[in-house]
file run_15.txt (compact mmCIF, N, CA and C atoms)
# COMPACT_ATOMS: atom_id res chain seq x y z
N MET V 1 97.12 113.67 94.08
CA MET V 1 96.12 114.28 93.25
C MET V 1 95.58 115.49 93.99
N ALA V 2 95.67 116.62 93.42
CA ALA V 2 95.17 117.83 94.04
C ALA V 2 93.69 117.94 93.76
N ALA V 3 92.93 118.22 94.80
CA ALA V 3 91.50 118.39 94.64
C ALA V 3 91.20 119.88 94.56
N THR V 4 91.42 120.43 93.41
CA THR V 4 91.18 121.85 93.21
C THR V 4 90.51 122.04 91.87
N GLN V 5 89.97 123.23 91.68
CA GLN V 5 89.39 123.54 90.39
C GLN V 5 90.44 124.21 89.53
N SER V 6 90.47 123.86 88.27
CA SER V 6 91.38 124.45 87.31
C SER V 6 90.83 125.78 86.85
N SER V 7 91.73 126.70 86.47
CA SER V 7 91.27 127.98 85.94
C SER V 7 91.21 127.95 84.43
N ALA V 8 91.57 126.81 83.81
CA ALA V 8 91.51 126.70 82.35
C ALA V 8 90.06 126.64 81.90
N PRO V 9 89.75 127.21 80.73
CA PRO V 9 88.37 127.13 80.22
C PRO V 9 87.92 125.68 80.09
N LYS V 10 86.62 125.47 80.29
CA LYS V 10 86.07 124.11 80.31
C LYS V 10 86.41 123.31 79.06
N ASP V 11 86.31 123.92 77.90
CA ASP V 11 86.54 123.18 76.66
C ASP V 11 87.96 123.36 76.13
N SER V 12 88.85 123.87 76.95
CA SER V 12 90.22 124.12 76.51
C SER V 12 90.95 122.81 76.27
N PRO V 13 91.65 122.68 75.14
CA PRO V 13 92.40 121.45 74.89
C PRO V 13 93.60 121.30 75.83
N THR V 14 93.97 122.39 76.54
CA THR V 14 95.09 122.32 77.45
C THR V 14 94.66 122.08 78.90
N ALA V 15 93.36 121.95 79.14
CA ALA V 15 92.88 121.69 80.49
C ALA V 15 93.48 120.37 80.96
N PRO V 16 94.18 120.35 82.11
CA PRO V 16 94.82 119.11 82.57
C PRO V 16 93.78 118.04 82.91
N GLU V 17 94.18 116.81 82.67
CA GLU V 17 93.33 115.67 82.99
C GLU V 17 94.07 114.77 83.96
N VAL V 18 93.30 114.08 84.76
CA VAL V 18 93.83 113.12 85.71
C VAL V 18 93.17 111.79 85.40
N GLU V 19 93.96 110.71 85.38
CA GLU V 19 93.37 109.38 85.22
C GLU V 19 93.07 108.84 86.61
N ILE V 20 91.83 108.41 86.78
CA ILE V 20 91.41 107.86 88.07
C ILE V 20 90.85 106.46 87.86
N ILE V 21 90.93 105.68 88.93
CA ILE V 21 90.26 104.38 88.94
C ILE V 21 89.03 104.55 89.82
N ASN V 22 87.90 104.21 89.26
CA ASN V 22 86.61 104.33 89.94
C ASN V 22 86.26 102.97 90.54
N PHE V 23 85.91 102.96 91.83
CA PHE V 23 85.58 101.70 92.49
C PHE V 23 84.46 101.91 93.50
N GLN V 24 83.87 100.82 93.93
CA GLN V 24 82.79 100.87 94.90
C GLN V 24 83.23 100.23 96.21
N LEU V 25 82.74 100.82 97.28
CA LEU V 25 82.78 100.21 98.61
C LEU V 25 81.33 100.13 99.03
N GLY V 26 80.79 98.93 99.04
CA GLY V 26 79.36 98.80 99.26
C GLY V 26 78.64 99.47 98.10
N GLU V 27 77.75 100.40 98.41
CA GLU V 27 77.00 101.11 97.37
C GLU V 27 77.60 102.46 97.02
N MET V 28 78.65 102.87 97.74
CA MET V 28 79.22 104.20 97.51
C MET V 28 80.33 104.16 96.47
N GLU V 29 80.39 105.21 95.66
CA GLU V 29 81.38 105.33 94.59
C GLU V 29 82.59 106.13 95.07
N PHE V 30 83.76 105.58 94.83
CA PHE V 30 85.01 106.23 95.19
C PHE V 30 85.94 106.21 93.98
N ALA V 31 87.03 106.95 94.09
CA ALA V 31 88.05 106.93 93.05
C ALA V 31 89.37 107.31 93.70
N CYS V 32 90.46 106.93 93.03
CA CYS V 32 91.79 107.36 93.43
C CYS V 32 92.60 107.59 92.17
N ASP V 33 93.68 108.31 92.31
CA ASP V 33 94.56 108.57 91.18
C ASP V 33 95.13 107.24 90.70
N LEU V 34 95.03 106.98 89.41
CA LEU V 34 95.53 105.72 88.85
C LEU V 34 97.01 105.54 89.12
N CYS V 35 97.76 106.64 89.23
CA CYS V 35 99.20 106.55 89.50
C CYS V 35 99.49 105.90 90.85
N GLN V 36 98.52 105.92 91.76
CA GLN V 36 98.74 105.30 93.06
C GLN V 36 98.57 103.78 93.02
N ALA V 37 97.89 103.28 92.03
CA ALA V 37 97.65 101.84 91.94
C ALA V 37 98.80 101.17 91.19
N SER V 38 99.47 100.25 91.85
CA SER V 38 100.54 99.50 91.20
C SER V 38 99.97 98.44 90.26
N SER V 39 98.89 97.81 90.72
CA SER V 39 98.23 96.78 89.91
C SER V 39 96.89 96.43 90.57
N PHE V 40 96.23 95.46 89.97
CA PHE V 40 94.94 94.99 90.47
C PHE V 40 94.99 93.47 90.49
N ALA V 41 94.25 92.87 91.42
CA ALA V 41 94.26 91.41 91.51
C ALA V 41 93.02 90.95 92.28
N LEU V 42 92.79 89.67 92.23
CA LEU V 42 91.79 89.05 93.09
C LEU V 42 92.48 88.61 94.38
N TYR V 43 91.76 88.60 95.47
CA TYR V 43 92.33 88.21 96.75
C TYR V 43 93.00 86.83 96.67
N GLN V 44 92.37 85.88 95.98
CA GLN V 44 92.94 84.53 95.88
C GLN V 44 94.30 84.52 95.22
N GLU V 45 94.60 85.53 94.39
CA GLU V 45 95.87 85.57 93.67
C GLU V 45 97.01 86.14 94.52
N ILE V 46 96.68 86.86 95.58
CA ILE V 46 97.72 87.55 96.34
C ILE V 46 97.78 87.17 97.81
N GLN V 47 96.84 86.40 98.29
CA GLN V 47 96.69 86.19 99.73
C GLN V 47 97.93 85.59 100.41
N ASP V 48 98.77 84.88 99.68
CA ASP V 48 99.94 84.25 100.28
C ASP V 48 101.22 85.05 100.09
N GLN V 49 101.13 86.26 99.59
CA GLN V 49 102.33 87.08 99.36
C GLN V 49 102.94 87.51 100.69
N PRO V 50 104.27 87.38 100.81
CA PRO V 50 104.91 87.93 102.01
C PRO V 50 104.87 89.45 101.93
N ASP V 51 104.91 90.10 103.07
CA ASP V 51 104.88 91.56 103.17
C ASP V 51 103.62 92.17 102.59
N LEU V 52 102.52 91.42 102.58
CA LEU V 52 101.24 91.96 102.14
C LEU V 52 100.51 92.54 103.33
N LYS V 53 100.10 93.78 103.21
CA LYS V 53 99.31 94.43 104.26
C LYS V 53 97.96 94.78 103.66
N ILE V 54 96.91 94.23 104.23
CA ILE V 54 95.57 94.54 103.74
C ILE V 54 95.05 95.75 104.51
N SER V 55 94.69 96.78 103.77
CA SER V 55 94.17 98.02 104.34
C SER V 55 92.71 98.12 103.95
N ASP V 56 91.85 97.84 104.88
CA ASP V 56 90.41 97.78 104.60
C ASP V 56 89.81 99.18 104.65
N LEU V 57 89.58 99.77 103.48
CA LEU V 57 88.99 101.10 103.40
C LEU V 57 87.59 101.12 103.98
N ASN V 58 86.85 100.04 103.77
CA ASN V 58 85.48 99.96 104.29
C ASN V 58 85.49 100.06 105.81
N GLN V 59 86.42 99.33 106.45
CA GLN V 59 86.57 99.39 107.91
C GLN V 59 86.99 100.78 108.34
N SER V 60 87.95 101.35 107.64
CA SER V 60 88.48 102.66 107.98
C SER V 60 87.43 103.76 107.83
N LEU V 61 86.63 103.69 106.78
CA LEU V 61 85.63 104.74 106.52
C LEU V 61 84.31 104.51 107.24
N PHE V 62 83.86 103.26 107.30
CA PHE V 62 82.50 102.98 107.77
C PHE V 62 82.43 102.07 108.99
N SER V 63 83.57 101.70 109.56
CA SER V 63 83.66 100.90 110.78
C SER V 63 83.09 99.49 110.66
N HIS V 64 83.03 98.96 109.45
CA HIS V 64 82.71 97.54 109.29
C HIS V 64 83.53 97.00 108.13
N PRO V 65 84.15 95.83 108.36
CA PRO V 65 85.08 95.29 107.35
C PRO V 65 84.36 94.78 106.11
N LEU V 66 85.09 94.81 105.01
CA LEU V 66 84.62 94.20 103.77
C LEU V 66 85.06 92.75 103.81
N PRO V 67 84.14 91.79 103.65
CA PRO V 67 84.53 90.37 103.71
C PRO V 67 85.56 90.04 102.62
N LEU V 68 86.59 89.30 102.99
CA LEU V 68 87.61 88.88 102.04
C LEU V 68 87.27 87.49 101.51
N LEU V 69 86.77 87.46 100.31
CA LEU V 69 86.45 86.22 99.62
C LEU V 69 87.48 86.01 98.52
N PRO V 70 87.66 84.80 98.02
CA PRO V 70 88.65 84.57 96.96
C PRO V 70 88.47 85.51 95.77
N GLU V 71 87.22 85.86 95.44
CA GLU V 71 86.97 86.71 94.27
C GLU V 71 86.92 88.22 94.59
N THR V 72 87.26 88.59 95.82
CA THR V 72 87.29 90.01 96.17
C THR V 72 88.35 90.73 95.35
N ARG V 73 87.95 91.82 94.73
CA ARG V 73 88.89 92.61 93.93
C ARG V 73 89.76 93.47 94.85
N MET V 74 91.02 93.59 94.46
CA MET V 74 91.99 94.33 95.28
C MET V 74 92.70 95.37 94.41
N ILE V 75 92.89 96.55 94.96
CA ILE V 75 93.74 97.56 94.35
C ILE V 75 95.06 97.50 95.12
N LEU V 76 96.17 97.33 94.41
CA LEU V 76 97.47 97.16 95.05
C LEU V 76 98.31 98.42 94.92
N LEU V 77 99.03 98.72 95.98
CA LEU V 77 99.94 99.85 96.03
C LEU V 77 101.24 99.34 96.63
N LYS V 78 102.34 99.48 95.91
CA LYS V 78 103.64 99.00 96.41
C LYS V 78 104.45 100.20 96.88
N ARG V 79 104.89 100.14 98.14
CA ARG V 79 105.71 101.19 98.74
C ARG V 79 106.69 100.57 99.72
N ASN V 80 107.94 100.97 99.64
CA ASN V 80 108.96 100.54 100.61
C ASN V 80 108.99 99.03 100.82
N ARG V 81 109.04 98.30 99.73
CA ARG V 81 109.13 96.83 99.74
C ARG V 81 107.92 96.14 100.38
N LYS V 82 106.84 96.87 100.55
CA LYS V 82 105.60 96.28 101.06
C LYS V 82 104.52 96.46 100.01
N THR V 83 103.60 95.54 100.00
CA THR V 83 102.45 95.65 99.12
C THR V 83 101.22 95.89 99.99
N TYR V 84 100.54 96.98 99.72
CA TYR V 84 99.29 97.31 100.41
C TYR V 84 98.15 96.93 99.49
N ALA V 85 97.20 96.20 100.01
CA ALA V 85 96.05 95.76 99.23
C ALA V 85 94.79 96.39 99.80
N PHE V 86 94.01 96.99 98.93
CA PHE V 86 92.76 97.63 99.31
C PHE V 86 91.61 96.84 98.71
N PRO V 87 90.86 96.07 99.53
CA PRO V 87 89.72 95.33 98.99
C PRO V 87 88.59 96.31 98.62
N VAL V 88 87.97 96.06 97.48
CA VAL V 88 86.86 96.89 97.02
C VAL V 88 85.73 95.98 96.55
N SER V 89 84.51 96.51 96.59
CA SER V 89 83.35 95.73 96.16
C SER V 89 83.34 95.51 94.66
N LYS V 90 83.77 96.56 93.93
CA LYS V 90 83.72 96.49 92.47
C LYS V 90 84.66 97.55 91.91
N ILE V 91 85.33 97.23 90.82
CA ILE V 91 86.11 98.23 90.08
C ILE V 91 85.27 98.60 88.87
N SER V 92 84.87 99.87 88.81
CA SER V 92 83.95 100.33 87.77
C SER V 92 84.65 100.74 86.49
N GLY V 93 85.92 101.13 86.58
CA GLY V 93 86.63 101.50 85.37
C GLY V 93 87.71 102.53 85.63
N ILE V 94 88.43 102.83 84.57
CA ILE V 94 89.47 103.85 84.61
C ILE V 94 89.01 104.98 83.70
N PHE V 95 89.05 106.21 84.22
CA PHE V 95 88.52 107.35 83.49
C PHE V 95 89.51 108.50 83.52
N LYS V 96 89.48 109.30 82.46
CA LYS V 96 90.19 110.56 82.45
C LYS V 96 89.20 111.63 82.89
N VAL V 97 89.61 112.42 83.87
CA VAL V 97 88.75 113.46 84.40
C VAL V 97 89.46 114.79 84.27
N SER V 98 88.77 115.75 83.73
CA SER V 98 89.32 117.09 83.62
C SER V 98 89.49 117.68 85.02
N ALA V 99 90.53 118.45 85.20
CA ALA V 99 90.74 119.11 86.49
C ALA V 99 89.56 119.99 86.87
N LYS V 100 88.79 120.45 85.88
CA LYS V 100 87.59 121.26 86.15
C LYS V 100 86.49 120.44 86.81
N GLN V 101 86.61 119.12 86.79
CA GLN V 101 85.59 118.25 87.38
C GLN V 101 86.03 117.70 88.73
N ILE V 102 87.12 118.24 89.30
CA ILE V 102 87.61 117.80 90.60
C ILE V 102 87.45 118.96 91.58
N PHE V 103 86.85 118.67 92.74
CA PHE V 103 86.52 119.70 93.70
C PHE V 103 87.00 119.31 95.10
N SER V 104 87.37 120.30 95.88
CA SER V 104 87.70 120.07 97.29
C SER V 104 86.43 119.69 98.03
N PRO V 105 86.56 118.90 99.11
CA PRO V 105 85.35 118.49 99.82
C PRO V 105 84.75 119.67 100.59
N PRO V 106 83.43 119.86 100.49
CA PRO V 106 82.79 120.90 101.28
C PRO V 106 82.78 120.49 102.75
N PRO V 107 82.66 121.45 103.67
CA PRO V 107 82.67 121.13 105.11
C PRO V 107 81.67 120.05 105.51
N ILE V 108 80.48 120.07 104.92
CA ILE V 108 79.48 119.07 105.30
C ILE V 108 79.94 117.65 104.95
N LEU V 109 80.65 117.50 103.82
CA LEU V 109 81.17 116.19 103.45
C LEU V 109 82.30 115.78 104.38
N GLN V 110 83.15 116.73 104.75
CA GLN V 110 84.25 116.43 105.68
C GLN V 110 83.71 116.00 107.04
N GLU V 111 82.58 116.59 107.47
CA GLU V 111 81.98 116.21 108.74
C GLU V 111 81.30 114.85 108.66
N ALA V 112 80.66 114.56 107.52
CA ALA V 112 79.94 113.30 107.37
C ALA V 112 80.90 112.12 107.27
N ILE V 113 82.00 112.30 106.55
CA ILE V 113 82.99 111.23 106.38
C ILE V 113 84.34 111.83 106.75
N PHE V 114 84.67 111.77 108.04
CA PHE V 114 85.96 112.30 108.48
C PHE V 114 87.02 111.23 108.25
N HIS V 115 87.90 111.50 107.31
CA HIS V 115 88.98 110.58 107.01
C HIS V 115 90.09 111.36 106.34
N PRO V 116 91.32 111.27 106.82
CA PRO V 116 92.42 112.03 106.22
C PRO V 116 92.66 111.72 104.74
N GLY V 117 92.29 110.53 104.30
CA GLY V 117 92.48 110.16 102.91
C GLY V 117 91.46 110.76 101.96
N LEU V 118 90.35 111.30 102.49
CA LEU V 118 89.33 111.91 101.66
C LEU V 118 89.81 113.29 101.22
N ILE V 119 90.04 113.45 99.92
CA ILE V 119 90.61 114.71 99.44
C ILE V 119 89.65 115.52 98.58
N GLY V 120 88.48 114.97 98.27
CA GLY V 120 87.54 115.72 97.47
C GLY V 120 86.55 114.83 96.76
N PHE V 121 86.00 115.38 95.69
CA PHE V 121 85.09 114.59 94.88
C PHE V 121 85.23 115.01 93.43
N ALA V 122 84.76 114.13 92.56
CA ALA V 122 84.85 114.39 91.12
C ALA V 122 83.54 113.99 90.47
N LEU V 123 83.31 114.56 89.31
CA LEU V 123 82.17 114.17 88.49
C LEU V 123 82.67 113.22 87.42
N VAL V 124 82.18 111.99 87.45
CA VAL V 124 82.58 110.97 86.48
C VAL V 124 81.30 110.47 85.82
N ASN V 125 81.20 110.70 84.53
CA ASN V 125 80.00 110.30 83.79
C ASN V 125 78.72 110.78 84.49
N ALA V 126 78.71 112.04 84.86
CA ALA V 126 77.57 112.69 85.52
C ALA V 126 77.24 112.09 86.88
N GLN V 127 78.20 111.41 87.50
CA GLN V 127 78.02 110.83 88.83
C GLN V 127 79.10 111.36 89.75
N VAL V 128 78.74 111.63 90.99
CA VAL V 128 79.71 112.12 91.98
C VAL V 128 80.43 110.93 92.60
N VAL V 129 81.77 110.99 92.60
CA VAL V 129 82.57 109.97 93.27
C VAL V 129 83.49 110.66 94.26
N LEU V 130 83.69 110.04 95.41
CA LEU V 130 84.57 110.58 96.43
C LEU V 130 86.01 110.20 96.10
N LEU V 131 86.91 111.16 96.20
CA LEU V 131 88.32 110.91 95.87
C LEU V 131 89.11 110.59 97.13
N LEU V 132 89.87 109.52 97.06
CA LEU V 132 90.73 109.11 98.17
C LEU V 132 92.18 109.17 97.75
N ASP V 133 93.01 109.55 98.67
CA ASP V 133 94.46 109.48 98.49
C ASP V 133 94.91 108.23 99.25
N LEU V 134 95.32 107.19 98.53
CA LEU V 134 95.66 105.92 99.17
C LEU V 134 96.89 106.04 100.05
N GLU V 135 97.84 106.88 99.69
CA GLU V 135 99.04 107.04 100.52
C GLU V 135 98.70 107.71 101.84
N LYS V 136 97.81 108.70 101.83
CA LYS V 136 97.37 109.32 103.09
C LYS V 136 96.60 108.31 103.93
N THR V 137 95.85 107.45 103.27
CA THR V 137 95.10 106.41 103.98
C THR V 137 96.05 105.44 104.66
N ILE V 138 97.10 105.02 103.95
CA ILE V 138 98.10 104.13 104.55
C ILE V 138 98.75 104.80 105.75
N ALA V 139 99.11 106.06 105.61
CA ALA V 139 99.73 106.79 106.73
C ALA V 139 98.79 106.86 107.93
N GLU V 140 97.52 107.11 107.69
CA GLU V 140 96.54 107.18 108.78
C GLU V 140 96.37 105.81 109.45
N LEU V 141 96.27 104.76 108.65
CA LEU V 141 96.12 103.42 109.23
C LEU V 141 97.36 103.03 110.03
N SER V 142 98.55 103.40 109.56
CA SER V 142 99.79 103.13 110.30
C SER V 142 99.79 103.89 111.61
N HIS V 143 99.33 105.14 111.57
CA HIS V 143 99.25 105.97 112.77
C HIS V 143 98.27 105.35 113.78
N GLN V 144 97.12 104.88 113.30
CA GLN V 144 96.14 104.24 114.19
C GLN V 144 96.72 102.98 114.82
N THR V 145 97.45 102.19 114.03
CA THR V 145 98.07 100.96 114.54
C THR V 145 99.12 101.30 115.60
N ASP V 146 99.95 102.32 115.35
CA ASP V 146 100.96 102.72 116.31
C ASP V 146 100.32 103.19 117.60
N ASN V 147 99.22 103.97 117.52
CA ASN V 147 98.53 104.44 118.72
C ASN V 147 97.93 103.29 119.50
N ALA V 148 97.39 102.27 118.79
CA ALA V 148 96.78 101.12 119.45
C ALA V 148 97.86 100.32 120.21
N LYS V 149 99.07 100.25 119.64
CA LYS V 149 100.15 99.52 120.30
C LYS V 149 100.60 100.23 121.56
N GLU V 150 100.56 101.58 121.57
CA GLU V 150 100.99 102.36 122.73
C GLU V 150 100.03 102.24 123.89
N ASN V 151 98.73 102.01 123.58
CA ASN V 151 97.71 101.97 124.64
C ASN V 151 97.54 100.63 125.23
call {"tool": "encode", "arguments": {"input": "run_15.txt", "output": "structure tokens"}}
result
Amino acid sequence: MAATQSSAPKDSPTAPEVEIINFQLGEMEFACDLCQASSFALYQEIQDQPDLKISDLNQSLFSHPLPLLPETRMILLKRNRKTYAFPVSKISGIFKVSAKQIFSPPPILQEAIFHPGLIGFALVNAQVVLLLDLEKTIAELSHQTDNAKEN
């Protein structure tokens, strides 16, 4: 998902739209491109799957893990015969967002939340949500794991 502003007029019927899934981590609102989500599930439904890798966004972004309870909601991403599960506090919904409502992160936001998966923000129902690229997040978490093994 590109975090850029469209040059199409605001009310143009040809203005591109992106479908995003809006979710919460704690009290903060996030979103990702719906195309990145393979499916959704509760932790109790997937916890015994082989090749399941849990990628805790809360830990990655805020340095404290999100507790995994049976009713914890998970966003699933399937890549290379592995299933990556992202625990979230709440799934708020799926929305279509005009490209005119997607913005690159300003420097102050990049400094406050330094994370390679943070690609911008969007306005969803008059609320600002931070946009994450789940594939970049997986790559960063894999890189962190590889560095930890080397040390």
call {"tool": "atom_distance", "arguments": {"input": "run_15.txt", "atom1": "atom CA of Ser63 of chain V", "atom2": "atom N of Ala31 of chain V"}}
result
18.1 Å
call {"tool": "closest_residue", "arguments": {"input": "run_15.txt", "among": "V:Glu17, V:Asp56, V:Asp51, V:Asp33", "to": "Leu131 of chain V", "atoms": "all atoms listed in the file"}}
result
V:Asp33
call {"tool": "closest_residue", "arguments": {"input": "run_15.txt", "among": "V:Glu135, V:Glu45, V:Glu19, V:Glu140", "to": "Asn80 of chain V", "atoms": "only C-alpha atoms"}}
result
V:Glu135
call {"tool": "select_by_dssp", "arguments": {"input": "run_15.txt", "residues": "segment 90-129 of chain V", "states": "alpha helix (DSSP H)", "output": "list of chain:residue names"}}
result
V:Pro107, V:Ile108, V:Leu109, V:Gln110, V:Glu111, V:Ala112
call {"tool": "select_by_dssp", "arguments": {"input": "run_15.txt", "residues": "segment 12-114 of chain V", "states": "strand (DSSP E or B)", "output": "PyMOL selection string"}}
result
chain V and resi 17-25+28-33+39-42+52-54+73-79+82-88+90-98+102-103
call {"tool": "atom_distance", "arguments": {"input": "run_15.txt", "atom1": "atom CA of Pro106 of chain V", "atom2": "atom CA of Phe30 of chain V"}}
result
16.0 Å
call {"tool": "atom_distance", "arguments": {"input": "run_15.txt", "atom1": "atom CA of Lys96 of chain V", "atom2": "atom N of Glu71 of chain V"}}
result
28.1 Å
call {"tool": "closest_residue", "arguments": {"input": "run_15.txt", "among": "V:Phe40, V:Leu34, V:Ser55, V:Leu123", "to": "Arg73 of chain V", "atoms": "only C-alpha atoms"}}
result
V:Phe40
call {"tool": "closest_residue", "arguments": {"input": "run_15.txt", "among": "V:Ser104, V:Thr72, V:Ser39, V:Gln24", "to": "Pro87 of chain V", "atoms": "only C-alpha atoms"}}
result
V:Thr72
call {"tool": "residues_around", "arguments": {"input": "run_15.txt", "residues": "Phe95 of chain V", "least_positions_apart": "5", "cutoff": "9 Å", "atoms": "only C-alpha atoms", "output": "compact mmCIF listing (two decimals) with N, CA and C atoms, keeping the file's coordinate frame"}}
result
# COMPACT_ATOMS: atom_id res chain seq x y z
N VAL V 18 93.30 114.08 84.76
CA VAL V 18 93.83 113.12 85.71
C VAL V 18 93.17 111.79 85.40
N GLU V 19 93.96 110.71 85.38
CA GLU V 19 93.37 109.38 85.22
C GLU V 19 93.07 108.84 86.61
N ILE V 20 91.83 108.41 86.78
CA ILE V 20 91.41 107.86 88.07
C ILE V 20 90.85 106.46 87.86
N ILE V 21 90.93 105.68 88.93
CA ILE V 21 90.26 104.38 88.94
C ILE V 21 89.03 104.55 89.82
N ASN V 22 87.90 104.21 89.26
CA ASN V 22 86.61 104.33 89.94
C ASN V 22 86.26 102.97 90.54
N LEU V 34 95.03 106.98 89.41
CA LEU V 34 95.53 105.72 88.85
C LEU V 34 97.01 105.54 89.12
N VAL V 124 82.18 111.99 87.45
CA VAL V 124 82.58 110.97 86.48
C VAL V 124 81.30 110.47 85.82
call {"tool": "closest_residue", "arguments": {"input": "run_15.txt", "among": "V:Ala85, V:Ile108, V:Met28, V:Ile102", "to": "Leu68 of chain V", "atoms": "only C-alpha atoms"}}
result
V:Ala85
call {"tool": "axis_aligned_box", "arguments": {"input": "run_15.txt", "around": "segment 80-99 of chain V", "padding_each_side": "8 Å", "output": "AutoDock Vina command-line options"}}
result
--center_x 96.2 --center_y 107.7 --center_z 91.8 --size_x 41.8 --size_y 40.7 --size_z 34.6
call {"tool": "closest_residue", "arguments": {"input": "run_15.txt", "among": "V:Gly117, V:Pro70, V:Gly93, V:Pro50", "to": "Leu134 of chain V", "atoms": "all atoms listed in the file"}}
result
V:Gly117
call {"tool": "decode", "arguments": {"input": "run_15.txt", "residues": "segment 43-109 of chain V", "atoms": "C-alpha atoms", "output": "short mmCIF file (atom, residue, chain, number, x, y, z; two decimals), in the first residue's frame"}}
result
data_model
loop_
_atom_site.label_atom_id
_atom_site.label_comp_id
_atom_site.auth_asym_id
_atom_site.auth_seq_id
_atom_site.Cartn_x
_atom_site.Cartn_y
_atom_site.Cartn_z
CA TYR V 43 -6.02 -17.47 19.11
CA GLN V 44 -7.78 -20.60 20.43
CA GLU V 45 -8.63 -21.60 16.84
CA ILE V 46 -5.06 -21.46 15.51
CA GLN V 47 -2.71 -22.01 18.44
CA ASP V 48 -1.89 -25.62 17.49
CA GLN V 49 -1.17 -24.98 13.81
CA PRO V 50 2.23 -26.17 12.61
CA ASP V 51 4.41 -23.47 11.03
CA LEU V 52 2.56 -20.73 12.93
CA LYS V 53 4.71 -17.73 13.75
CA ILE V 54 3.21 -15.18 16.11
CA SER V 55 4.44 -11.67 15.34
CA ASP V 56 3.53 -9.42 18.24
CA LEU V 57 3.08 -5.91 16.83
CA ASN V 58 2.53 -4.54 20.32
CA GLN V 59 5.94 -5.88 21.40
CA SER V 60 7.57 -4.66 18.21
CA LEU V 61 6.08 -1.15 18.41
CA PHE V 62 5.78 -0.51 22.15
CA SER V 63 8.19 -3.01 23.79
CA HIS V 64 5.53 -4.85 25.76
CA PRO V 65 3.74 -7.99 24.58
CA LEU V 66 0.02 -8.31 24.03
CA PRO V 67 -1.25 -11.15 26.26
CA LEU V 68 -2.36 -14.19 24.25
CA LEU V 69 -5.71 -15.31 25.58
CA PRO V 70 -8.01 -17.84 23.87
CA GLU V 71 -10.26 -14.97 22.71
CA THR V 72 -7.42 -12.79 21.38
CA ARG V 73 -8.18 -11.74 17.82
CA MET V 74 -5.55 -12.53 15.21
CA ILE V 75 -4.88 -11.17 11.74
CA LEU V 76 -3.32 -13.94 9.64
CA LEU V 77 -0.89 -13.57 6.76
CA LYS V 78 0.24 -16.64 4.80
CA ARG V 79 3.63 -16.46 3.06
CA ASN V 80 6.04 -19.17 1.93
CA ARG V 81 4.14 -22.04 3.57
CA LYS V 82 4.17 -20.24 6.92
CA THR V 83 1.32 -18.55 8.70
CA TYR V 84 2.11 -15.32 10.50
CA ALA V 85 -0.37 -14.31 13.18
CA PHE V 86 -0.64 -10.76 14.46
CA PRO V 87 -2.52 -10.50 17.79
CA VAL V 88 -4.63 -7.35 18.08
CA SER V 89 -6.76 -5.90 20.87
CA LYS V 90 -9.77 -5.35 18.63
CA ILE V 91 -10.71 -5.46 14.95
CA SER V 92 -12.77 -2.34 14.29
CA GLY V 93 -13.82 -3.06 10.73
CA ILE V 94 -12.97 -3.08 7.07
CA PHE V 95 -13.16 0.25 5.26
CA LYS V 96 -12.63 1.65 1.80
CA VAL V 97 -10.37 4.68 1.97
CA SER V 98 -9.78 7.10 -0.84
CA ALA V 99 -6.15 7.54 -1.81
CA LYS V 100 -6.68 11.23 -0.96
CA GLN V 101 -7.07 10.19 2.68
CA ILE V 102 -3.72 8.36 2.87
CA PHE V 103 -0.62 10.32 3.84
CA SER V 104 3.08 9.64 4.29
CA PRO V 105 4.22 9.83 7.92
CA PRO V 106 5.57 13.24 8.94
CA PRO V 107 9.07 13.27 10.49
CA ILE V 108 7.70 13.78 14.01
CA LEU V 109 5.60 10.60 13.69
#
